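This is structure39.cif. It holds mmCIF, N, CA and C atoms.
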data_structure
#
loop_
_atom_site.label_atom_id
_atom_site.label_comp_id
_atom_site.auth_asym_id
_atom_site.auth_seq_id
_atom_site.Cartn_x
_atom_site.Cartn_y
_atom_site.Cartn_z
N MET Q 43 5.34 8.66 14.38
CA MET Q 43 5.40 9.06 15.77
C MET Q 43 6.58 8.37 16.44
N LEU Q 44 6.77 7.08 16.14
CA LEU Q 44 7.87 6.33 16.74
C LEU Q 44 9.21 6.92 16.33
N LYS Q 45 9.32 7.31 15.06
CA LYS Q 45 10.58 7.88 14.58
C LYS Q 45 10.90 9.18 15.31
N ARG Q 46 9.86 9.97 15.56
CA ARG Q 46 10.05 11.22 16.28
C ARG Q 46 10.55 10.95 17.70
N HIS Q 47 9.98 9.92 18.35
CA HIS Q 47 10.41 9.57 19.70
C HIS Q 47 11.85 9.07 19.71
N LEU Q 48 12.20 8.28 18.70
CA LEU Q 48 13.58 7.79 18.63
C LEU Q 48 14.56 8.93 18.43
N LEU Q 49 14.20 9.89 17.59
CA LEU Q 49 15.06 11.04 17.36
C LEU Q 49 15.20 11.87 18.63
N LEU Q 50 14.09 12.06 19.35
CA LEU Q 50 14.13 12.81 20.60
C LEU Q 50 14.98 12.09 21.64
N ALA Q 51 14.84 10.78 21.72
CA ALA Q 51 15.64 10.00 22.67
C ALA Q 51 17.12 10.11 22.33
N SER Q 52 17.43 10.12 21.05
CA SER Q 52 18.83 10.26 20.63
C SER Q 52 19.39 11.62 21.04
N VAL Q 53 18.60 12.66 20.88
CA VAL Q 53 19.05 14.00 21.27
C VAL Q 53 19.26 14.07 22.78
N LEU Q 54 18.31 13.50 23.54
CA LEU Q 54 18.46 13.49 25.00
C LEU Q 54 19.69 12.71 25.44
N ALA Q 55 19.91 11.56 24.82
CA ALA Q 55 21.09 10.76 25.16
C ALA Q 55 22.35 11.55 24.84
N GLY Q 56 22.33 12.27 23.74
CA GLY Q 56 23.48 13.10 23.37
C GLY Q 56 23.72 14.21 24.38
N THR Q 57 22.62 14.78 24.89
CA THR Q 57 22.76 15.85 25.89
C THR Q 57 23.39 15.30 27.16
N PHE Q 58 22.96 14.14 27.59
CA PHE Q 58 23.57 13.54 28.79
C PHE Q 58 25.02 13.15 28.54
N ALA Q 59 25.30 12.71 27.33
CA ALA Q 59 26.68 12.32 27.00
C ALA Q 59 27.60 13.53 27.01
N VAL Q 60 27.12 14.69 26.57
CA VAL Q 60 27.94 15.90 26.54
C VAL Q 60 28.34 16.31 27.95
N THR Q 61 27.42 16.13 28.88
CA THR Q 61 27.70 16.57 30.25
C THR Q 61 28.44 15.52 31.07
N ALA Q 62 28.66 14.33 30.50
CA ALA Q 62 29.37 13.28 31.23
C ALA Q 62 30.86 13.63 31.35
N CYS Q 63 31.43 13.22 32.46
CA CYS Q 63 32.85 13.50 32.71
C CYS Q 63 33.64 12.21 32.58
N SER Q 64 34.87 12.36 32.11
CA SER Q 64 35.74 11.20 32.01
C SER Q 64 36.32 10.88 33.38
N GLN Q 65 36.95 9.73 33.45
CA GLN Q 65 37.62 9.32 34.70
C GLN Q 65 38.72 10.31 35.06
N GLN Q 66 39.41 10.81 34.05
CA GLN Q 66 40.51 11.76 34.29
C GLN Q 66 39.97 13.05 34.90
N THR Q 67 38.85 13.54 34.43
CA THR Q 67 38.26 14.77 34.97
C THR Q 67 37.85 14.56 36.42
N GLU Q 68 37.26 13.42 36.71
CA GLU Q 68 36.84 13.13 38.09
C GLU Q 68 38.04 13.04 39.03
N GLU Q 69 39.11 12.44 38.55
CA GLU Q 69 40.32 12.31 39.38
C GLU Q 69 40.93 13.68 39.67
N GLN Q 70 40.95 14.55 38.66
CA GLN Q 70 41.51 15.90 38.84
C GLN Q 70 40.65 16.69 39.83
N ALA Q 71 39.32 16.55 39.72
CA ALA Q 71 38.43 17.27 40.63
C ALA Q 71 38.58 16.74 42.05
N ASP Q 72 38.69 15.41 42.19
CA ASP Q 72 38.86 14.82 43.52
C ASP Q 72 40.18 15.25 44.15
N ALA Q 73 41.19 15.47 43.33
CA ALA Q 73 42.51 15.87 43.84
C ALA Q 73 42.56 17.34 44.17
N GLY Q 74 41.50 18.07 43.81
CA GLY Q 74 41.45 19.50 44.11
C GLY Q 74 42.16 20.35 43.07
N ASN Q 75 42.56 19.76 41.96
CA ASN Q 75 43.24 20.47 40.89
C ASN Q 75 42.16 21.01 39.94
N THR Q 76 41.58 22.14 40.30
CA THR Q 76 40.43 22.68 39.57
C THR Q 76 40.77 23.10 38.15
N GLU Q 77 41.95 23.65 37.96
CA GLU Q 77 42.32 24.11 36.62
C GLU Q 77 42.44 22.92 35.67
N ALA Q 78 43.10 21.87 36.09
CA ALA Q 78 43.26 20.68 35.27
C ALA Q 78 41.90 19.99 35.08
N ALA Q 79 41.08 19.99 36.12
CA ALA Q 79 39.75 19.40 36.03
C ALA Q 79 38.89 20.16 35.03
N ALA Q 80 38.96 21.48 35.06
CA ALA Q 80 38.18 22.30 34.12
C ALA Q 80 38.64 22.07 32.69
N GLU Q 81 39.95 21.98 32.50
CA GLU Q 81 40.50 21.74 31.16
C GLU Q 81 40.07 20.35 30.65
N SER Q 82 40.14 19.36 31.53
CA SER Q 82 39.74 18.01 31.16
C SER Q 82 38.23 17.95 30.88
N ALA Q 83 37.45 18.68 31.64
CA ALA Q 83 35.99 18.72 31.42
C ALA Q 83 35.66 19.35 30.08
N ALA Q 84 36.41 20.39 29.71
CA ALA Q 84 36.19 21.04 28.40
C ALA Q 84 36.50 20.05 27.28
N ASP Q 85 37.60 19.28 27.44
CA ASP Q 85 37.94 18.27 26.43
C ASP Q 85 36.85 17.21 26.35
N ASP Q 86 36.34 16.81 27.53
CA ASP Q 86 35.25 15.81 27.57
C ASP Q 86 34.02 16.33 26.83
N ALA Q 87 33.66 17.57 27.11
CA ALA Q 87 32.47 18.16 26.49
C ALA Q 87 32.63 18.24 24.98
N ALA Q 88 33.82 18.62 24.52
CA ALA Q 88 34.05 18.72 23.07
C ALA Q 88 33.94 17.34 22.41
N ALA Q 89 34.56 16.34 23.02
CA ALA Q 89 34.52 14.98 22.45
C ALA Q 89 33.10 14.43 22.48
N ASN Q 90 32.42 14.64 23.61
CA ASN Q 90 31.05 14.13 23.73
C ASN Q 90 30.08 14.84 22.80
N THR Q 91 30.32 16.12 22.56
CA THR Q 91 29.45 16.89 21.64
C THR Q 91 29.58 16.34 20.23
N GLN Q 92 30.82 16.04 19.82
CA GLN Q 92 31.01 15.48 18.48
C GLN Q 92 30.33 14.12 18.36
N ALA Q 93 30.45 13.29 19.37
CA ALA Q 93 29.82 11.97 19.34
C ALA Q 93 28.30 12.10 19.32
N ALA Q 94 27.77 13.02 20.13
CA ALA Q 94 26.32 13.20 20.17
C ALA Q 94 25.79 13.74 18.85
N ALA Q 95 26.54 14.65 18.24
CA ALA Q 95 26.13 15.20 16.94
C ALA Q 95 26.12 14.10 15.88
N ALA Q 96 27.12 13.23 15.91
CA ALA Q 96 27.17 12.13 14.95
C ALA Q 96 26.00 11.17 15.17
N ASP Q 97 25.68 10.88 16.44
CA ASP Q 97 24.55 10.00 16.75
C ASP Q 97 23.23 10.62 16.29
N ALA Q 98 23.06 11.91 16.54
CA ALA Q 98 21.83 12.59 16.14
C ALA Q 98 21.70 12.62 14.62
N GLU Q 99 22.80 12.85 13.93
CA GLU Q 99 22.77 12.88 12.47
C GLU Q 99 22.40 11.49 11.92
N ALA Q 100 22.99 10.46 12.52
CA ALA Q 100 22.67 9.10 12.07
C ALA Q 100 21.20 8.78 12.33
N ALA Q 101 20.68 9.19 13.48
CA ALA Q 101 19.27 8.94 13.79
C ALA Q 101 18.37 9.67 12.81
N ALA Q 102 18.72 10.91 12.48
CA ALA Q 102 17.93 11.68 11.53
C ALA Q 102 17.95 11.04 10.14
N GLN Q 103 19.13 10.56 9.73
CA GLN Q 103 19.22 9.90 8.43
C GLN Q 103 18.41 8.61 8.41
N ASN Q 104 18.47 7.85 9.49
CA ASN Q 104 17.69 6.61 9.56
C ASN Q 104 16.19 6.91 9.52
N ALA Q 105 15.77 7.94 10.24
CA ALA Q 105 14.36 8.31 10.23
C ALA Q 105 13.95 8.75 8.82
N GLY Q 106 14.79 9.52 8.16
CA GLY Q 106 14.49 9.96 6.80
C GLY Q 106 14.40 8.79 5.84
N ALA Q 107 15.31 7.83 5.99
CA ALA Q 107 15.29 6.65 5.12
C ALA Q 107 14.03 5.83 5.37
N GLU Q 108 13.62 5.72 6.63
CA GLU Q 108 12.40 4.97 6.93
C GLU Q 108 11.17 5.67 6.38
N VAL Q 109 11.14 6.97 6.44
CA VAL Q 109 10.01 7.72 5.88
C VAL Q 109 9.96 7.52 4.37
N ALA Q 110 11.13 7.56 3.73
CA ALA Q 110 11.17 7.34 2.28
C ALA Q 110 10.71 5.94 1.93
N ASP Q 111 11.16 4.95 2.70
CA ASP Q 111 10.73 3.57 2.46
C ASP Q 111 9.22 3.43 2.65
N SER Q 112 8.70 4.06 3.69
CA SER Q 112 7.26 4.00 3.94
C SER Q 112 6.48 4.64 2.81
N ALA Q 113 6.98 5.76 2.31
CA ALA Q 113 6.30 6.43 1.20
C ALA Q 113 6.33 5.56 -0.05
N GLU Q 114 7.46 4.90 -0.28
CA GLU Q 114 7.58 4.02 -1.44
C GLU Q 114 6.61 2.85 -1.32
N THR Q 115 6.53 2.28 -0.12
CA THR Q 115 5.61 1.17 0.12
C THR Q 115 4.17 1.61 -0.08
N ALA Q 116 3.84 2.79 0.45
CA ALA Q 116 2.48 3.31 0.30
C ALA Q 116 2.15 3.52 -1.18
N GLY Q 117 3.12 4.02 -1.94
CA GLY Q 117 2.90 4.21 -3.37
C GLY Q 117 2.65 2.89 -4.09
N ALA Q 118 3.42 1.86 -3.71
CA ALA Q 118 3.25 0.54 -4.33
C ALA Q 118 1.89 -0.04 -3.97
N VAL Q 119 1.47 0.13 -2.73
CA VAL Q 119 0.16 -0.37 -2.30
C VAL Q 119 -0.94 0.35 -3.06
N ALA Q 120 -0.82 1.66 -3.22
CA ALA Q 120 -1.84 2.43 -3.95
C ALA Q 120 -1.89 2.00 -5.41
N ALA Q 121 -0.72 1.77 -6.01
CA ALA Q 121 -0.69 1.33 -7.40
C ALA Q 121 -1.34 -0.05 -7.53
N GLY Q 122 -1.04 -0.93 -6.59
CA GLY Q 122 -1.64 -2.26 -6.60
C GLY Q 122 -3.15 -2.20 -6.44
N ALA Q 123 -3.61 -1.32 -5.55
CA ALA Q 123 -5.05 -1.17 -5.35
C ALA Q 123 -5.72 -0.63 -6.62
N ALA Q 124 -5.08 0.31 -7.27
CA ALA Q 124 -5.64 0.84 -8.51
C ALA Q 124 -5.69 -0.24 -9.59
N GLU Q 125 -4.63 -1.04 -9.66
CA GLU Q 125 -4.61 -2.13 -10.64
C GLU Q 125 -5.71 -3.15 -10.34
N ASN Q 126 -5.86 -3.48 -9.06
CA ASN Q 126 -6.91 -4.43 -8.67
C ASN Q 126 -8.30 -3.87 -8.99
N ALA Q 127 -8.49 -2.59 -8.74
CA ALA Q 127 -9.78 -1.97 -9.06
C ALA Q 127 -10.03 -2.02 -10.56
N GLY Q 128 -9.00 -1.72 -11.34
CA GLY Q 128 -9.14 -1.79 -12.80
C GLY Q 128 -9.48 -3.20 -13.26
N ASP Q 129 -8.82 -4.19 -12.66
CA ASP Q 129 -9.10 -5.59 -13.01
C ASP Q 129 -10.55 -5.95 -12.65
N ALA Q 130 -10.99 -5.51 -11.48
CA ALA Q 130 -12.35 -5.82 -11.05
C ALA Q 130 -13.38 -5.18 -11.98
N ILE Q 131 -13.11 -3.95 -12.41
CA ILE Q 131 -14.02 -3.26 -13.33
C ILE Q 131 -14.05 -3.99 -14.67
N ALA Q 132 -12.87 -4.38 -15.16
CA ALA Q 132 -12.82 -5.08 -16.45
C ALA Q 132 -13.54 -6.42 -16.35
N GLU Q 133 -13.33 -7.14 -15.25
CA GLU Q 133 -14.00 -8.43 -15.07
C GLU Q 133 -15.51 -8.25 -15.00
N GLY Q 134 -15.95 -7.24 -14.27
CA GLY Q 134 -17.38 -6.96 -14.18
C GLY Q 134 -17.97 -6.61 -15.54
N ALA Q 135 -17.25 -5.81 -16.29
CA ALA Q 135 -17.73 -5.43 -17.62
C ALA Q 135 -17.80 -6.65 -18.53
N ASN Q 136 -16.77 -7.50 -18.47
CA ASN Q 136 -16.77 -8.72 -19.28
C ASN Q 136 -17.95 -9.63 -18.92
N ASN Q 137 -18.21 -9.77 -17.62
CA ASN Q 137 -19.35 -10.59 -17.18
C ASN Q 137 -20.66 -10.01 -17.67
N ALA Q 138 -20.79 -8.70 -17.59
CA ALA Q 138 -22.04 -8.05 -18.05
C ALA Q 138 -22.24 -8.27 -19.55
N VAL Q 139 -21.16 -8.12 -20.32
CA VAL Q 139 -21.26 -8.31 -21.77
C VAL Q 139 -21.60 -9.77 -22.07
N GLU Q 140 -20.95 -10.70 -21.37
CA GLU Q 140 -21.22 -12.13 -21.59
C GLU Q 140 -22.67 -12.47 -21.26
N ASN Q 141 -23.15 -11.96 -20.13
CA ASN Q 141 -24.54 -12.24 -19.74
C ASN Q 141 -25.53 -11.64 -20.72
N THR Q 142 -25.24 -10.44 -21.20
CA THR Q 142 -26.11 -9.79 -22.19
C THR Q 142 -26.12 -10.60 -23.49
N ALA Q 143 -24.95 -11.06 -23.91
CA ALA Q 143 -24.87 -11.85 -25.14
C ALA Q 143 -25.66 -13.16 -25.00
N GLU Q 144 -25.56 -13.79 -23.82
CA GLU Q 144 -26.32 -15.02 -23.60
C GLU Q 144 -27.83 -14.75 -23.65
N ALA Q 145 -28.25 -13.64 -23.04
CA ALA Q 145 -29.68 -13.30 -23.04
C ALA Q 145 -30.16 -13.03 -24.45
N VAL Q 146 -29.36 -12.33 -25.24
CA VAL Q 146 -29.73 -12.04 -26.63
C VAL Q 146 -29.80 -13.33 -27.43
N ALA Q 147 -28.82 -14.23 -27.22
CA ALA Q 147 -28.82 -15.51 -27.95
C ALA Q 147 -30.03 -16.34 -27.56
N ASP Q 148 -30.36 -16.39 -26.27
CA ASP Q 148 -31.55 -17.13 -25.83
C ASP Q 148 -32.80 -16.54 -26.46
N GLY Q 149 -32.88 -15.22 -26.47
CA GLY Q 149 -34.03 -14.56 -27.09
C GLY Q 149 -34.13 -14.87 -28.58
N ALA Q 150 -33.02 -14.86 -29.27
CA ALA Q 150 -33.01 -15.17 -30.70
C ALA Q 150 -33.44 -16.61 -30.94
N ASN Q 151 -32.96 -17.51 -30.09
CA ASN Q 151 -33.38 -18.92 -30.22
C ASN Q 151 -34.90 -19.07 -30.00
N ASN Q 152 -35.42 -18.37 -29.01
CA ASN Q 152 -36.86 -18.42 -28.74
C ASN Q 152 -37.66 -17.87 -29.92
N VAL Q 153 -37.18 -16.78 -30.50
CA VAL Q 153 -37.86 -16.19 -31.66
C VAL Q 153 -37.83 -17.16 -32.83
N ALA Q 154 -36.66 -17.80 -33.02
CA ALA Q 154 -36.54 -18.76 -34.13
C ALA Q 154 -37.48 -19.95 -33.91
N GLU Q 155 -37.57 -20.46 -32.68
CA GLU Q 155 -38.48 -21.56 -32.39
C GLU Q 155 -39.93 -21.13 -32.64
N GLY Q 156 -40.24 -19.92 -32.20
CA GLY Q 156 -41.60 -19.40 -32.42
C GLY Q 156 -41.90 -19.28 -33.91
N ALA Q 157 -40.94 -18.80 -34.67
CA ALA Q 157 -41.14 -18.67 -36.12
C ALA Q 157 -41.33 -20.04 -36.75
N ASN Q 158 -40.58 -21.03 -36.31
CA ASN Q 158 -40.74 -22.39 -36.82
C ASN Q 158 -42.12 -22.93 -36.48
N ASP Q 159 -42.57 -22.65 -35.26
CA ASP Q 159 -43.91 -23.10 -34.85
C ASP Q 159 -44.99 -22.46 -35.72
N VAL Q 160 -44.86 -21.16 -35.97
CA VAL Q 160 -45.84 -20.44 -36.80
C VAL Q 160 -45.81 -21.00 -38.22
N ALA Q 161 -44.60 -21.26 -38.73
CA ALA Q 161 -44.50 -21.80 -40.08
C ALA Q 161 -45.12 -23.19 -40.15
N ALA Q 162 -44.89 -24.00 -39.12
CA ALA Q 162 -45.46 -25.35 -39.10
C ALA Q 162 -46.98 -25.27 -39.02
N ASP Q 163 -47.51 -24.35 -38.21
CA ASP Q 163 -48.96 -24.17 -38.11
C ASP Q 163 -49.54 -23.73 -39.45
N ALA Q 164 -48.85 -22.80 -40.10
CA ALA Q 164 -49.34 -22.31 -41.39
C ALA Q 164 -49.34 -23.42 -42.42
N GLU Q 165 -48.32 -24.25 -42.43
CA GLU Q 165 -48.23 -25.36 -43.38
C GLU Q 165 -49.35 -26.38 -43.11
N ALA Q 166 -49.60 -26.62 -41.83
CA ALA Q 166 -50.67 -27.57 -41.48
C ALA Q 166 -52.02 -27.03 -41.92
N LYS Q 167 -52.25 -25.75 -41.76
CA LYS Q 167 -53.52 -25.16 -42.18
C LYS Q 167 -53.68 -25.22 -43.69
N ASP Q 168 -52.58 -24.99 -44.42
CA ASP Q 168 -52.64 -25.06 -45.88
C ASP Q 168 -53.01 -26.47 -46.32
N LYS Q 169 -52.49 -27.50 -45.69
CA LYS Q 169 -52.80 -28.88 -46.05
C LYS Q 169 -54.28 -29.18 -45.79
N VAL Q 170 -54.75 -28.68 -44.66
CA VAL Q 170 -56.16 -28.91 -44.33
C VAL Q 170 -57.04 -28.21 -45.36
N SER Q 171 -56.70 -26.99 -45.74
CA SER Q 171 -57.50 -26.24 -46.72
C SER Q 171 -57.50 -26.93 -48.07
N GLU Q 172 -56.38 -27.46 -48.50
CA GLU Q 172 -56.27 -28.11 -49.80
C GLU Q 172 -57.11 -29.41 -49.80
N GLU Q 173 -57.09 -30.14 -48.69
CA GLU Q 173 -57.87 -31.38 -48.61
C GLU Q 173 -59.37 -31.08 -48.65
N GLN Q 174 -59.75 -29.98 -48.03
CA GLN Q 174 -61.18 -29.62 -48.01
C GLN Q 174 -61.66 -29.12 -49.37
N ASN Q 175 -60.80 -28.58 -50.15
CA ASN Q 175 -61.19 -28.08 -51.46
C ASN Q 175 -61.55 -29.21 -52.42
N TYR Q 176 -61.10 -30.33 -52.30
CA TYR Q 176 -61.34 -31.42 -53.26
C TYR Q 176 -62.37 -32.33 -52.79
#
Have the structure of the file written as C-alpha coordinates, please.
Amino acid sequence: MLKRHLLLASVLAGTFAVTACSQQTEEQADAGNTEAAAESAADDAAANTQAAAADAEAAAQNAGAEVADSAETAGAVAAGAAENAGDAIAEGANNAVENTAEAVADGANNVAEGANDVAADAEAKDKVSEEQNY
(Lines of atoms letter the chains of each structure in order from A and count residues from 1; the text may use other names and numbers.)
(Lines give C-alpha, C1' and ligand atoms only; values in the text may rest on other atoms or scores of the structure.)
Protein backbone atom coordinates (compact mmCIF):
# COMPACT_ATOMS: atom_id res chain seq x y z
CA MET A 1 0.00 0.00 0.00
CA LEU A 2 2.84 2.37 0.89
CA LYS A 3 4.56 1.72 -2.43
CA ARG A 4 1.36 2.55 -4.28
CA HIS A 5 1.08 5.83 -2.36
CA LEU A 6 4.70 6.71 -3.12
CA LEU A 7 4.16 6.00 -6.81
CA LEU A 8 0.99 8.13 -6.82
CA ALA A 9 2.79 10.97 -5.04
CA SER A 10 5.56 10.80 -7.62
CA VAL A 11 3.07 11.05 -10.47
CA LEU A 12 1.32 14.01 -8.80
CA ALA A 13 4.64 15.76 -8.21
CA GLY A 14 5.49 15.17 -11.86
CA THR A 15 2.17 16.68 -12.92
CA PHE A 16 2.83 19.82 -10.90
CA ALA A 17 6.37 19.98 -12.24
CA VAL A 18 5.13 19.83 -15.86
CA THR A 19 2.88 22.82 -15.31
CA ALA A 20 5.57 24.86 -13.51
CA CYS A 21 6.97 27.85 -15.36
CA SER A 22 10.56 28.95 -15.46
CA GLN A 23 11.72 32.41 -14.45
CA GLN A 24 12.20 33.24 -18.14
CA THR A 25 8.58 32.37 -18.96
CA GLU A 26 7.30 34.51 -16.09
CA GLU A 27 9.44 37.46 -17.19
CA GLN A 28 8.18 37.21 -20.78
CA ALA A 29 4.56 37.05 -19.58
CA ASP A 30 5.07 40.00 -17.24
CA ALA A 31 6.59 42.00 -20.11
CA GLY A 32 3.51 41.31 -22.22
CA ASN A 33 5.48 39.34 -24.81
CA THR A 34 2.90 36.56 -25.19
CA GLU A 35 4.53 34.82 -28.13
CA ALA A 36 7.90 34.50 -26.37
CA ALA A 37 6.13 33.54 -23.14
CA ALA A 38 4.17 30.79 -24.92
CA GLU A 39 7.33 29.48 -26.59
CA SER A 40 9.20 29.50 -23.27
CA ALA A 41 6.25 27.76 -21.55
CA ALA A 42 6.29 25.03 -24.20
CA ASP A 43 10.02 24.52 -23.58
CA ASP A 44 9.36 24.40 -19.83
CA ALA A 45 6.60 21.83 -20.27
CA ALA A 46 8.79 19.63 -22.47
CA ALA A 47 11.72 19.73 -20.03
CA ASN A 48 9.48 19.19 -17.02
CA THR A 49 7.68 16.29 -18.72
CA GLN A 50 10.97 14.51 -19.33
CA ALA A 51 12.04 15.03 -15.71
CA ALA A 52 8.67 13.85 -14.40
CA ALA A 53 8.75 10.77 -16.62
CA ALA A 54 12.23 9.92 -15.37
CA ASP A 55 11.10 10.37 -11.74
CA ALA A 56 8.02 8.20 -12.28
CA GLU A 57 10.09 5.49 -13.97
CA ALA A 58 12.58 5.51 -11.10
CA ALA A 59 9.75 5.29 -8.55
CA ALA A 60 8.20 2.38 -10.43
CA GLN A 61 11.54 0.57 -10.59
CA ASN A 62 12.12 1.12 -6.88
CA ALA A 63 8.64 -0.16 -6.07
CA GLY A 64 9.24 -3.21 -8.26
CA ALA A 65 12.58 -3.90 -6.60
CA GLU A 66 10.99 -3.62 -3.15
CA VAL A 67 8.22 -6.02 -4.13
CA ALA A 68 10.82 -8.48 -5.41
CA ASP A 69 12.83 -8.14 -2.20
CA SER A 70 9.69 -8.66 -0.13
CA ALA A 71 8.79 -11.76 -2.12
CA GLU A 72 12.31 -13.12 -1.66
CA THR A 73 12.15 -12.46 2.08
CA ALA A 74 8.74 -14.11 2.31
CA GLY A 75 10.09 -17.15 0.47
CA ALA A 76 13.05 -17.40 2.84
CA VAL A 77 10.76 -17.11 5.86
CA ALA A 78 8.47 -19.83 4.48
CA ALA A 79 11.45 -22.10 3.80
CA GLY A 80 12.74 -21.50 7.32
CA ALA A 81 9.33 -22.25 8.79
CA ALA A 82 9.12 -25.48 6.80
CA GLU A 83 12.60 -26.47 7.96
CA ASN A 84 11.70 -25.69 11.57
CA ALA A 85 8.51 -27.73 11.27
CA GLY A 86 10.48 -30.64 9.83
CA ASP A 87 12.99 -30.39 12.68
CA ALA A 88 10.19 -30.32 15.25
CA ILE A 89 8.55 -33.39 13.70
CA ALA A 90 11.87 -35.26 13.62
CA GLU A 91 12.61 -34.31 17.23
CA GLY A 92 9.14 -35.41 18.31
CA ALA A 93 9.50 -38.70 16.49
CA ASN A 94 12.92 -39.28 18.05
CA ASN A 95 11.53 -38.58 21.52
CA ALA A 96 8.62 -40.95 20.93
CA VAL A 97 10.95 -43.72 19.75
CA GLU A 98 13.29 -43.13 22.71
CA ASN A 99 10.42 -43.20 25.21
CA THR A 100 9.00 -46.36 23.64
CA ALA A 101 12.41 -48.04 23.77
CA GLU A 102 12.78 -47.11 27.44
CA ALA A 103 9.32 -48.50 28.23
CA VAL A 104 10.11 -51.75 26.40
CA ALA A 105 13.47 -52.04 28.21
CA ASP A 106 11.80 -51.42 31.58
CA GLY A 107 9.18 -54.03 30.76
CA ALA A 108 11.84 -56.55 29.73
CA ASN A 109 13.75 -55.92 32.96
CA ASN A 110 10.56 -56.45 34.98
CA VAL A 111 9.84 -59.70 33.13
CA ALA A 112 13.41 -60.88 33.72
CA GLU A 113 13.15 -60.06 37.45
CA GLY A 114 9.83 -61.89 37.61
CA ALA A 115 11.33 -64.90 35.87
CA ASN A 116 14.24 -64.90 38.31
CA ASP A 117 11.79 -64.73 41.22
CA VAL A 118 9.78 -67.66 39.82
CA ALA A 119 12.96 -69.65 39.27
CA ALA A 120 14.14 -68.91 42.81
CA ASP A 121 10.73 -69.95 44.20
CA ALA A 122 10.80 -73.15 42.18
CA GLU A 123 14.32 -73.98 43.38
CA ALA A 124 13.31 -73.33 46.99
CA LYS A 125 10.30 -75.62 46.63
CA ASP A 126 12.46 -78.36 45.13
CA LYS A 127 14.84 -78.18 48.12
CA VAL A 128 11.95 -78.39 50.54
CA SER A 129 10.50 -81.41 48.69
CA GLU A 130 13.84 -83.22 48.64
CA GLU A 131 14.35 -82.66 52.39
CA GLN A 132 10.88 -83.99 53.13
CA ASN A 133 11.46 -87.13 51.09
CA TYR A 134 14.28 -88.38 53.31
Checklist entry - How far is it from atom C of Gly128 (chain Q) to CA of Ala147 (chain Q), in Å with one decimal? => result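 Those two atoms sit 27.2 Å apart.
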Item to check | CA of Ala127 (chain Q) to atom N of Asn141 (chain Q), distance in Å rounded to a single decimal | outcome: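 If I compute the distance from CA of Ala127 (chain Q) to atom N of Asn141 (chain Q), I get 20.0 Å.
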Next on the checklist: For a test of reading the model, state the distance in Å between CA of Glu140 (chain Q) and CA of Gly122 (chain Q), rounded to one decimal.
Outcome noted: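 Answer for the CA of Glu140 (chain Q) to CA of Gly122 (chain Q) separation: 26.6 Å.
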